[in-house]
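File shown: work39.txt. Contents: compact mmCIF, C-alpha atoms.
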# COMPACT_ATOMS: atom_id res chain seq x y z
CA MET A 1 38.69 -77.05 -98.23
CA GLU A 2 37.76 -75.36 -101.52
CA ALA A 3 40.16 -72.65 -102.70
CA ASP A 4 38.63 -69.19 -103.01
CA ARG A 5 38.77 -66.99 -106.14
CA PHE A 6 41.86 -65.16 -104.88
CA MET A 7 43.79 -68.44 -104.49
CA ARG A 8 42.63 -69.78 -107.87
CA ASP A 9 43.73 -66.53 -109.55
CA ARG A 10 47.07 -66.68 -107.71
CA VAL A 11 47.73 -70.21 -108.95
CA LEU A 12 46.67 -69.30 -112.49
CA ALA A 13 49.09 -66.36 -112.50
CA MET A 14 51.93 -68.67 -111.41
CA VAL A 15 51.51 -71.08 -114.35
CA PRO A 16 54.63 -70.30 -116.42
CA GLN A 17 53.35 -71.22 -119.90
CA ARG A 18 52.44 -68.25 -122.09
CA PRO A 19 50.76 -67.83 -125.50
CA PRO A 20 50.95 -69.35 -127.95
CA PHE A 21 51.60 -72.38 -125.75
CA ARG A 22 49.30 -71.67 -122.81
CA PHE A 23 46.25 -73.92 -122.65
CA ILE A 24 44.58 -72.96 -119.36
CA GLU A 25 42.30 -69.91 -119.04
CA ASP A 26 40.60 -70.37 -115.71
CA ILE A 27 40.42 -72.60 -112.66
CA LEU A 28 36.80 -73.17 -111.64
CA GLU A 29 37.32 -75.55 -108.71
CA LEU A 30 40.37 -76.37 -106.63
CA ASP A 31 40.94 -78.29 -103.41
CA GLU A 32 43.38 -80.80 -101.93
CA GLU A 33 41.99 -83.69 -103.99
CA ARG A 34 41.07 -82.20 -107.38
CA ILE A 35 41.24 -79.34 -109.84
CA LEU A 36 38.85 -78.24 -112.58
CA GLY A 37 40.28 -75.98 -115.28
CA VAL A 38 38.98 -74.73 -118.62
CA TYR A 39 40.35 -73.63 -121.97
CA ARG A 40 38.69 -72.52 -125.20
CA PHE A 41 40.71 -73.38 -128.31
CA ARG A 42 40.84 -70.22 -130.39
CA ARG A 43 40.01 -70.49 -134.08
CA ASP A 44 43.39 -68.92 -134.92
CA GLU A 45 45.60 -71.35 -132.92
CA TYR A 46 48.90 -71.75 -134.79
CA PHE A 47 48.58 -75.52 -135.28
CA TYR A 48 45.22 -75.57 -137.08
CA LYS A 49 46.69 -74.38 -140.38
CA GLY A 50 48.58 -77.62 -140.82
CA HIS A 51 46.46 -80.12 -138.79
CA PHE A 52 44.53 -80.84 -141.03
CA PRO A 53 44.27 -78.21 -143.82
CA GLY A 54 40.62 -77.50 -144.49
CA LEU A 55 39.51 -79.76 -141.61
CA PRO A 56 41.15 -78.36 -138.47
CA VAL A 57 41.45 -80.74 -135.50
CA THR A 58 43.35 -80.12 -132.28
CA PRO A 59 46.40 -82.45 -132.21
CA GLY A 60 46.38 -85.14 -129.53
CA VAL A 61 49.71 -83.96 -128.15
CA ILE A 62 48.15 -80.52 -127.58
CA LEU A 63 45.23 -82.14 -125.75
CA VAL A 64 47.71 -83.96 -123.49
CA GLU A 65 49.60 -80.70 -122.91
CA THR A 66 46.31 -78.99 -122.05
CA MET A 67 45.54 -81.68 -119.47
CA ALA A 68 49.08 -81.39 -118.08
CA GLN A 69 48.95 -77.60 -117.68
CA THR A 70 45.85 -77.93 -115.51
CA GLY A 71 46.39 -81.30 -113.84
CA VAL A 72 50.13 -81.23 -113.25
CA VAL A 73 51.42 -77.64 -113.45
CA ALA A 74 48.59 -75.58 -111.93
CA TYR A 75 47.56 -78.28 -109.47
CA GLY A 76 51.17 -78.91 -108.44
CA LEU A 77 51.66 -75.19 -107.78
CA TYR A 78 48.54 -75.15 -105.59
CA LEU A 79 49.60 -78.21 -103.59
CA SER A 80 53.07 -76.67 -103.12
CA LEU A 81 51.45 -73.48 -101.80
CA LEU A 82 49.42 -75.55 -99.33
CA LYS A 83 52.63 -77.18 -98.10
CA GLY A 84 53.99 -73.73 -97.33
CA GLN A 85 56.35 -73.70 -100.30
CA GLY A 86 54.86 -70.55 -101.84
CA ASP A 87 58.15 -68.76 -102.47
CA LYS A 88 59.85 -71.98 -103.54
CA ALA A 89 57.03 -72.90 -105.98
CA GLY A 90 57.85 -69.90 -108.18
CA GLU A 91 61.48 -71.01 -108.32
CA MET A 92 60.59 -74.42 -109.74
CA VAL A 93 60.15 -75.62 -113.32
CA THR A 94 57.67 -78.47 -113.71
CA LEU A 95 58.97 -81.19 -115.99
CA PHE A 96 56.51 -83.64 -117.49
CA THR A 97 57.60 -87.15 -116.47
CA LEU A 98 54.76 -89.52 -117.36
CA ALA A 99 51.79 -89.97 -119.67
CA GLU A 100 50.13 -93.30 -119.02
CA ASN A 101 46.99 -94.94 -120.40
CA VAL A 102 46.10 -91.90 -122.50
CA GLU A 103 42.96 -92.54 -124.54
CA PHE A 104 41.27 -90.25 -127.05
CA THR A 105 37.54 -90.67 -127.45
CA GLY A 106 36.69 -87.55 -129.44
CA VAL A 107 38.15 -84.65 -131.41
CA VAL A 108 38.34 -81.00 -130.41
CA ARG A 109 37.68 -78.42 -133.10
CA PRO A 110 38.50 -74.71 -133.23
CA GLY A 111 36.34 -72.63 -130.89
CA GLU A 112 35.49 -75.48 -128.52
CA LEU A 113 35.68 -75.11 -124.75
CA VAL A 114 37.17 -78.06 -122.88
CA MET A 115 37.16 -78.80 -119.16
CA MET A 116 39.98 -80.67 -117.44
CA THR A 117 39.36 -82.44 -114.14
CA GLY A 118 42.43 -83.72 -112.36
CA ARG A 119 42.24 -86.02 -109.34
CA LYS A 120 45.34 -86.48 -107.23
CA VAL A 121 46.85 -89.97 -107.25
CA TYR A 122 49.77 -88.84 -105.08
CA PHE A 123 51.83 -85.79 -104.20
CA ARG A 124 55.17 -86.62 -102.59
CA GLY A 125 57.90 -84.06 -102.14
CA ASN A 126 58.00 -82.32 -105.50
CA GLN A 127 56.38 -85.13 -107.52
CA LEU A 128 52.72 -85.19 -108.53
CA LYS A 129 50.71 -87.89 -110.27
CA VAL A 130 47.16 -87.08 -111.42
CA ALA A 131 44.34 -88.87 -113.24
CA VAL A 132 42.99 -86.30 -115.71
CA VAL A 133 39.82 -86.32 -117.80
CA MET A 134 39.04 -83.78 -120.53
CA THR A 135 35.39 -83.18 -121.42
CA ARG A 136 33.34 -80.81 -123.52
CA GLU A 137 30.97 -78.36 -121.80
CA ASN A 138 28.16 -80.93 -122.09
CA GLY A 139 30.21 -83.52 -120.17
CA GLU A 140 31.11 -85.66 -123.20
CA GLU A 141 34.57 -87.13 -122.65
CA VAL A 142 37.30 -86.22 -125.16
CA CYS A 143 40.34 -87.89 -123.58
CA ARG A 144 41.77 -89.17 -120.34
CA GLY A 145 45.06 -90.35 -118.90
CA VAL A 146 47.37 -90.48 -115.92
CA LEU A 147 49.99 -87.73 -116.00
CA ALA A 148 52.90 -86.90 -113.73
CA GLY A 149 55.51 -84.22 -113.28
CA LYS A 150 58.29 -83.16 -111.01
CA GLY A 151 59.41 -79.74 -109.86
CA VAL A 152 63.07 -78.97 -110.60
CA PRO A 153 64.79 -75.85 -109.23
CA ARG A 154 64.84 -73.19 -111.97
CA ALA A 155 68.51 -72.36 -111.30
CA GLN A 156 69.51 -75.99 -111.82
CA PHE A 157 67.42 -76.18 -114.99
CA GLU A 158 68.88 -72.92 -116.40
CA GLN A 159 72.45 -74.06 -115.71
CA SER A 160 71.85 -77.24 -117.71
CA GLN A 161 70.65 -75.45 -120.86
CA GLY A 162 72.81 -76.33 -123.81
CA ASN A 163 74.86 -79.10 -122.19
CA ALA A 164 74.60 -82.76 -121.27
CA ALA A 165 73.51 -81.89 -117.73
CA GLY A 166 70.00 -81.36 -119.10
CA GLN A 167 69.82 -85.08 -119.75
CA THR A 168 70.85 -85.72 -116.14
CA ILE A 169 68.07 -83.47 -114.84
CA MET A 170 65.51 -85.31 -116.95
CA GLU A 171 66.84 -88.67 -115.83
CA GLU A 172 66.57 -87.52 -112.19
CA ALA A 173 63.05 -86.19 -112.84
CA VAL A 174 61.73 -89.53 -114.03
CA SER A 175 63.49 -91.60 -111.38

This entry written out as structure tokens:
Amino acid sequence: MEADRFMRDRVLAMVPQRPPFRFIEDILELDEERILGVYRFRRDEYFYKGHFPGLPVTPGVILVETMAQTGVVAYGLYLSLLKGQGDKAGEMVTLFTLAENVEFTGVVRPGELVMMTGRKVYFRGNQLKVAVVMTRENGEEVCRGVLAGKGVPRAQFEQSQGNAAGQTIMEEAVS
């Protein structure tokens, strides 16, 4: 069943990334099988000054992050809410665990709006794998890939900051 505006806004508010590293503005469609999110790259994004001077292009790693914020973070929060883990979802940190078969077929310039469509491959426990496609408003594909992430309890993540336990959490996340 399609999520209503209230639910889409709730999920959007739960996404933890904030400017200047937030690359999701709205969720247009959301259900148990897919998500459609959008983001317009502002002309004053911090990375354009150096990539490439005089010919600004959005870095590929930022495009992958943009796909992940919609396809893994926001979508994972929604699926967790559906499983009745609403309170628990806010206590989790989503760690990026996989980027597979990522292909870039176009460039994104300052001011462009991109649309990310994520289709669930699987959602098991606190692990989500999604096939994500990024397009321009006209439907022209910019990039695609299979991305995955895992929810880790925030308290466990905070305790590991600054020590070797952080490596253990990441090792557990990808296993």

Counting all atoms listed in the file, the residue among A:Asp9, A:Glu158, A:Asp26, A:Glu137 that lies closest to A:Met92 is A:Glu158

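Each of A:Met116, A:Val57, A:Val146, A:Met1 was checked against A:Glu45 using only C-alpha atoms; the smallest atom-to-atom distance is that of A:Val57.
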
Margin query: At a cut-off of 7 Å, using only C-alpha atoms, what residues contact stretch 15-19 of chain A? Leave out same-chain residues fewer than 3 positions from it and give the result as a VMD selection string.
Written below: chain A and resid 11 to 12 22 73 to 74

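Among the candidates A:Glu32, A:Asp44, A:Glu141, A:Asp4, the residue lying nearest to A:Ser80 is A:Glu32 (atoms considered: only C-alpha atoms).
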
Across A:Val121, A:Arg109, A:Phe96, A:Ile27, the smallest distance to A:Val72, with all atoms listed in the file counted, is shown by A:Phe96

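For the atom pair formed by atom CA of A:Arg5 and atom CA of A:Val132, the distance is 22.0 Å, given to one decimal.
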
Mind pulling up the distance from atom CA of A:Leu128 to atom CA of A:Tyr39?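 Computed distance, atom CA of A:Tyr39 to atom CA of A:Leu128, equals 21.6 Å.
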
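Nearest-residue note for A:Gly145: choosing from A:Phe157, A:Gly125, A:Val108, A:Gly71, the minimum distance belongs to A:Gly71, counting only C-alpha atoms.
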
**Prompt:** Neighbours of A:Gly60 within 12 Å (all atoms listed in the file; same-chain residues fewer than 6 positions away dropped), as a list in words?
**Reply:**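 Result of the neighbour search: Phe47, His51, Thr66, Met67, Val102, Glu103, Phe104, Thr105, Gly106, Val107, Val108, Arg109, Met134, Val142, Cys143, Arg144 and Gly145 of chain A.
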
Keeping C-alpha atoms, export the residues of the selection given above as a compact mmCIF listing (two decimals), in the coordinates of the input.
# COMPACT_ATOMS: atom_id res chain seq x y z
CA PHE A 47 48.58 -75.52 -135.28
CA HIS A 51 46.46 -80.12 -138.79
CA THR A 66 46.31 -78.99 -122.05
CA MET A 67 45.54 -81.68 -119.47
CA VAL A 102 46.10 -91.90 -122.50
CA GLU A 103 42.96 -92.54 -124.54
CA PHE A 104 41.27 -90.25 -127.05
CA THR A 105 37.54 -90.67 -127.45
CA GLY A 106 36.69 -87.55 -129.44
CA VAL A 107 38.15 -84.65 -131.41
CA VAL A 108 38.34 -81.00 -130.41
CA ARG A 109 37.68 -78.42 -133.10
CA MET A 134 39.04 -83.78 -120.53
CA VAL A 142 37.30 -86.22 -125.16
CA CYS A 143 40.34 -87.89 -123.58
CA ARG A 144 41.77 -89.17 -120.34
CA GLY A 145 45.06 -90.35 -118.90

Starting from 8 Å padding per side, set up an axis-aligned box that covers all listed atoms of stretch 75-83 of chain A and hand over centre and edge lengths in Å, one decimal, as AutoDock Vina command-line options.
--center_x 50.3 --center_y -76.2 --center_z -103.8 --size_x 21.5 --size_y 21.4 --size_z 27.4

As a check of understanding: the span from atom CA of A:Gln127 to atom CA of A:Gly151 is 6.6 Å

query: Between A:Ala148, A:Phe23, A:Gln159, A:Tyr122, which has the minimum distance to A:Glu65 (counting all atoms listed in the file)?
result: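 Closest to A:Glu65, using all atoms listed in the file: A:Phe23.
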